[in-house]
Amino acid sequence: MFLNMRAGEGIEVEGLARVFKDVRAVDGIDLSIRPGEIYGFLGPNGAGKSTTVHMLTTLLPPTSGRATVAGYDVVREGAKVRSVIGAALQEAALDPFLTGREHLRLQASLHSIHGEQRTQLMGKLLDRVGLTFAADRKVRTYSGGMKRRLDLALALIHDPAILFLDEPTTGLDPQSRTALWEEVARLAREEGVTVFLTTQYLEEADVLADRVGIIDHGHIVAEGTPAQLKAEIGKPTVEVVPEQPQELERLRGLLARFGTETASRPGAHAVQLDGHGALPEVIRALDLEGLRAEQINLHQPTLDDVFLAKTGRSLEGAESE
Amino acid sequence: MRVFATQVVLIAQRSFIRTFRQPGVWIPPLLFPLMLMAVNSNGLRAATHLPGFPTNSFLDFFLPFSFMQGALFASAIAGTDLARDIDTGFLNRLALTPVRGSALLLGQIGGAVGLGAVQAVVYLFVGLIAGVHVDAGAAGALLILVLAVLIAVGFGTLGLWLGLRTGSGEGVQAQFPLLFFTLFISSMNLPRNLIEVGWFRDIATVNPVSYFIEALRSLIIEGWNAEALLLGFGLVLGLIAVAMALAARQLKVRMART
């Protein structure tokens, strides 16, 4: 597969908004996504994620603001935008009465890919998403994971520079989810595809995204790498259970060198690391002092903590609208 | 132009394939009109004794009804399929390709043409076996098929408009009885001059469906009746033009891509 000619430009968004009657579904967001980056757009249901994707993929005209995708304006150059993007929207939009191969043939032909090139491309994509065995089966016999994989193959048929994935793993079993994550990561890493991924799964954003934007009620409430966002909220906590309970006081003294004391279970001592000491250094110090530990737990702040801090609500189960 | 034609063919192909892979969708529309033709041509045979009735074979008189019924089924199928595409997001998938809106509509109509053609051939073939005599001869039979397909295209396009407007298969199905009603208030069971109830005759006279039926009927029982054919073909082309304009306008609303 060749790299798309517009791979050198990512996504730029300024004050993008979409109003439906009285509802400001997306309320003046700014984004700057680098080429080859996986950008995770995280938020609860109804936060404005899909509306943003629909505007960036030219399916919905914005009410105000501007956006360029691969250097093309989404309002004035819709057809050019569509030629350089691939999209797998919220539900795998497939025809249950067509086979996987027929879907790919239709999609390729509509992109003016014909003949031997089309046949080779279809074979390669079916192989890559692991659907060669089911290529000639009607889609209605596919599992949810297979449909999602076919959806991804369809989005990739014309070698897009930028890929939009709208909640691609919703409803998938953990195995299918992991397989899809691996393929998305590979696309960005090996083929330089820019990926705009919406999700309501914290883990998905954490594992896949180079950077994360958190959207709530149409506003971006936080943006950065998952590590930066979590670091903004708080530093990790290390909790140690000494092998000998009488060593607890000595442990307290040792851990004080690495951070501020924080709440811990009975028989354990915990500190919030102050940034100077990381876990390996704590372990080294324990070893040097001859303090044997029964358990060492590191608690990292999660993106849910970030969402909670920014919106006052937990992301899990939150509904924006 | 070549790209446009390819797009139309691709969409039509897909529409045709998906319809014919659902026997539950196309077998009843094929059988039901034939069953009704069998029942009515026997049960209503006495109508041929009415003074002024144009033929002594009710089967000859009633055959055009089958084409009309088939066209209405084609309308429901085309509309429901498009509404499902909207509902499932398949229309968005197509909207993200370089496909032109007009190619999309023409392609979807292509599916209706395919179904309409198959239906028309089957109805005519069964009619001929059952004893229908086409007074206009082989050329007339061919013209019956052409007109039947055009009628299917007209109603199919109307179905597309309904599908685009409602965006749900159930919505299209709910409108179907209204279209069917236009069939029953036409000259399908009796020639207009023999309808005694004034209001019914007036409605049948302004109902374009009467003229579609009468054009088809004229080829079977009269031979070549220029006036009936001009009215039938003219009105069906008008229906196609109006339905196409409505569907194209609605497609712009549904497929609001920039």
# chains A, B, ... in the order shown; residues from 1 in each chain; ligands from 1
$ residues_around --residues "Ala12 of chain B" --least-positions-apart "4" --cutoff "8 Å" --atoms "only C-alpha atoms" --output "PyMOL selection string"
chain B and resi 8+16+106-111
$ interface_residues --of "chain A" --to "chain B" --cutoff "6 Å" --atoms "only C-alpha atoms" --output "VMD selection string"
chain A and resid 58 to 60 75 78 82 93 97
$ residues_around --residues "Leu42 of chain A" --least-positions-apart "2" --cutoff "12 Å" --atoms "only C-alpha atoms" --output "count of residues only"
47
$ residues_around --residues "Leu163 of chain A" --least-positions-apart "4" --cutoff "6 Å" --atoms "only C-alpha atoms" --output "JSON, numbers by chain"
{"A": [85, 86, 87, 195]}
$ atom_distance --atom1 "atom CA of Gly238 of chain B" --atom2 "atom CA of Gly137 of chain B"
26.9 Å
$ atom_distance --atom1 "atom CA of Gly65 of chain A" --atom2 "atom CA of Lys310 of chain A"
24.3 Å
$ residues_around --residues "Gly223 of chain B" --least-positions-apart "2" --cutoff "12 Å" --atoms "only C-alpha atoms" --output "list of chain:residue names"
B:His133, B:Val134, B:Asp135, B:Ala136, B:Gly137, B:Ala138, B:Ala139, B:Gly140, B:Ala141, B:Leu143, B:Ile144, B:Glu214, B:Ala215, B:Leu216, B:Arg217, B:Ser218, B:Leu219, B:Ile220, B:Ile221, B:Asn225, B:Ala226, B:Glu227, B:Ala228, B:Leu229
$ write_last_selection --atoms "C-alpha atoms" --output "CSV table (one decimal), in the first residue's frame"
chain,number,residue,atom,x,y,z
B,133,HIS,CA,-55.2,-12.3,-26.1
B,134,VAL,CA,-53.2,-9.1,-26.8
B,135,ASP,CA,-55.1,-7.4,-29.5
B,136,ALA,CA,-52.1,-5.1,-30.4
B,137,GLY,CA,-50.0,-8.2,-31.2
B,138,ALA,CA,-46.3,-8.9,-30.3
B,139,ALA,CA,-45.3,-5.2,-30.6
B,140,GLY,CA,-48.2,-4.4,-28.3
B,141,ALA,CA,-47.1,-7.0,-25.8
B,143,LEU,CA,-45.1,-2.0,-25.3
B,144,ILE,CA,-47.1,-3.4,-22.3
B,214,GLU,CA,-56.4,2.1,-19.5
B,215,ALA,CA,-53.3,2.4,-21.6
B,216,LEU,CA,-52.2,-1.1,-20.7
B,217,ARG,CA,-55.8,-2.3,-21.2
B,218,SER,CA,-56.2,-0.7,-24.5
B,219,LEU,CA,-53.2,-2.7,-25.9
B,220,ILE,CA,-54.9,-5.9,-24.7
B,221,ILE,CA,-58.5,-5.4,-25.7
B,225,ASN,CA,-55.5,3.4,-29.2
B,226,ALA,CA,-53.3,6.5,-29.6
B,227,GLU,CA,-55.2,8.6,-27.1
B,228,ALA,CA,-55.1,6.0,-24.3
B,229,LEU,CA,-51.4,5.4,-25.0
$ residues_around --residues "segment 125-127 of chain B" --least-positions-apart "5" --cutoff "9 Å" --atoms "only C-alpha atoms" --output "ChimeraX atom specification"
/B:34,37,59-60,63,120,132-133
$ write_last_selection --atoms "C-alpha atoms" --output "compact mmCIF listing (two decimals), in the first residue's frame"
# COMPACT_ATOMS: atom_id res chain seq x y z
CA LEU B 34 -51.40 -13.49 -9.91
CA MET B 37 -55.98 -12.13 -11.06
CA LEU B 59 -59.07 -11.80 -17.54
CA ASP B 60 -58.13 -9.57 -20.49
CA LEU B 63 -54.54 -8.21 -16.32
CA ALA B 120 -44.04 -7.61 -15.86
CA VAL B 132 -55.14 -13.48 -22.47
CA HIS B 133 -55.19 -12.26 -26.05
$ residues_around --residues "segment 115-132 of chain A" --least-positions-apart "3" --cutoff "6 Å" --atoms "only C-alpha atoms" --output "ChimeraX atom specification"
/A:135,149,153
$ write_last_selection --atoms "C-alpha atoms" --output "PDB file, in the first residue's frame"
ATOM      1  CA  ALA A 135     -15.226 -13.182   2.562  1.00  0.00           C
ATOM      2  CA  ARG A 149     -13.218  -5.563  11.090  1.00  0.00           C
ATOM      3  CA  ALA A 153     -11.256  -2.733   5.831  1.00  0.00           C
TER       4      ALA A 153
END
$ atom_distance --atom1 "atom CA of Glu222 of chain B" --atom2 "atom CA of Pro54 of chain B"
8.3 Å
$ decode --residues "segment 114-135 of chain B" --atoms "N, CA and C atoms" --output "short mmCIF file (atom, residue, chain, number, x, y, z; two decimals), in the first residue's frame"
data_model
loop_
_atom_site.label_atom_id
_atom_site.label_comp_id
_atom_site.auth_asym_id
_atom_site.auth_seq_id
_atom_site.Cartn_x
_atom_site.Cartn_y
_atom_site.Cartn_z
N GLY B 114 -35.35 -3.42 -12.42
CA GLY B 114 -35.08 -4.86 -12.51
C GLY B 114 -36.26 -5.67 -12.00
N LEU B 115 -36.72 -5.29 -10.80
CA LEU B 115 -37.84 -6.02 -10.21
C LEU B 115 -39.09 -5.85 -11.06
N GLY B 116 -39.34 -4.61 -11.49
CA GLY B 116 -40.52 -4.32 -12.32
C GLY B 116 -40.51 -5.12 -13.61
N ALA B 117 -39.32 -5.25 -14.21
CA ALA B 117 -39.21 -5.98 -15.48
C ALA B 117 -39.51 -7.46 -15.27
N VAL B 118 -38.93 -8.02 -14.21
CA VAL B 118 -39.17 -9.45 -13.92
C VAL B 118 -40.67 -9.67 -13.68
N GLN B 119 -41.24 -8.79 -12.87
CA GLN B 119 -42.67 -8.92 -12.55
C GLN B 119 -43.51 -8.84 -13.83
N ALA B 120 -43.22 -7.83 -14.66
CA ALA B 120 -44.04 -7.61 -15.86
C ALA B 120 -43.98 -8.82 -16.78
N VAL B 121 -42.77 -9.36 -16.94
CA VAL B 121 -42.63 -10.53 -17.83
C VAL B 121 -43.43 -11.71 -17.27
N VAL B 122 -43.32 -11.91 -15.96
CA VAL B 122 -44.04 -13.05 -15.35
C VAL B 122 -45.55 -12.86 -15.48
N TYR B 123 -46.05 -11.66 -15.16
CA TYR B 123 -47.51 -11.42 -15.23
C TYR B 123 -48.02 -11.64 -16.66
N LEU B 124 -47.27 -11.09 -17.61
CA LEU B 124 -47.72 -11.20 -19.00
C LEU B 124 -47.66 -12.66 -19.47
N PHE B 125 -46.58 -13.32 -19.10
CA PHE B 125 -46.40 -14.72 -19.50
C PHE B 125 -47.54 -15.58 -18.93
N VAL B 126 -47.80 -15.41 -17.63
CA VAL B 126 -48.87 -16.20 -16.99
C VAL B 126 -50.21 -15.83 -17.61
N GLY B 127 -50.42 -14.54 -17.87
CA GLY B 127 -51.67 -14.09 -18.50
C GLY B 127 -51.86 -14.75 -19.85
N LEU B 128 -50.81 -14.76 -20.65
CA LEU B 128 -50.91 -15.36 -21.99
C LEU B 128 -51.23 -16.85 -21.90
N ILE B 129 -50.58 -17.52 -20.96
CA ILE B 129 -50.85 -18.96 -20.77
C ILE B 129 -52.31 -19.17 -20.36
N ALA B 130 -52.81 -18.25 -19.50
CA ALA B 130 -54.19 -18.40 -19.00
C ALA B 130 -55.23 -18.00 -20.06
N GLY B 131 -54.77 -17.50 -21.18
CA GLY B 131 -55.72 -17.23 -22.26
C GLY B 131 -55.88 -15.77 -22.64
N VAL B 132 -55.06 -14.90 -22.11
CA VAL B 132 -55.14 -13.48 -22.47
C VAL B 132 -54.73 -13.33 -23.94
N HIS B 133 -55.52 -12.53 -24.65
CA HIS B 133 -55.19 -12.26 -26.05
C HIS B 133 -54.82 -10.78 -26.17
N VAL B 134 -53.59 -10.51 -26.62
CA VAL B 134 -53.15 -9.12 -26.77
C VAL B 134 -53.53 -8.68 -28.19
N ASP B 135 -54.52 -7.79 -28.25
CA ASP B 135 -55.05 -7.37 -29.54
C ASP B 135 -54.01 -6.62 -30.38
#
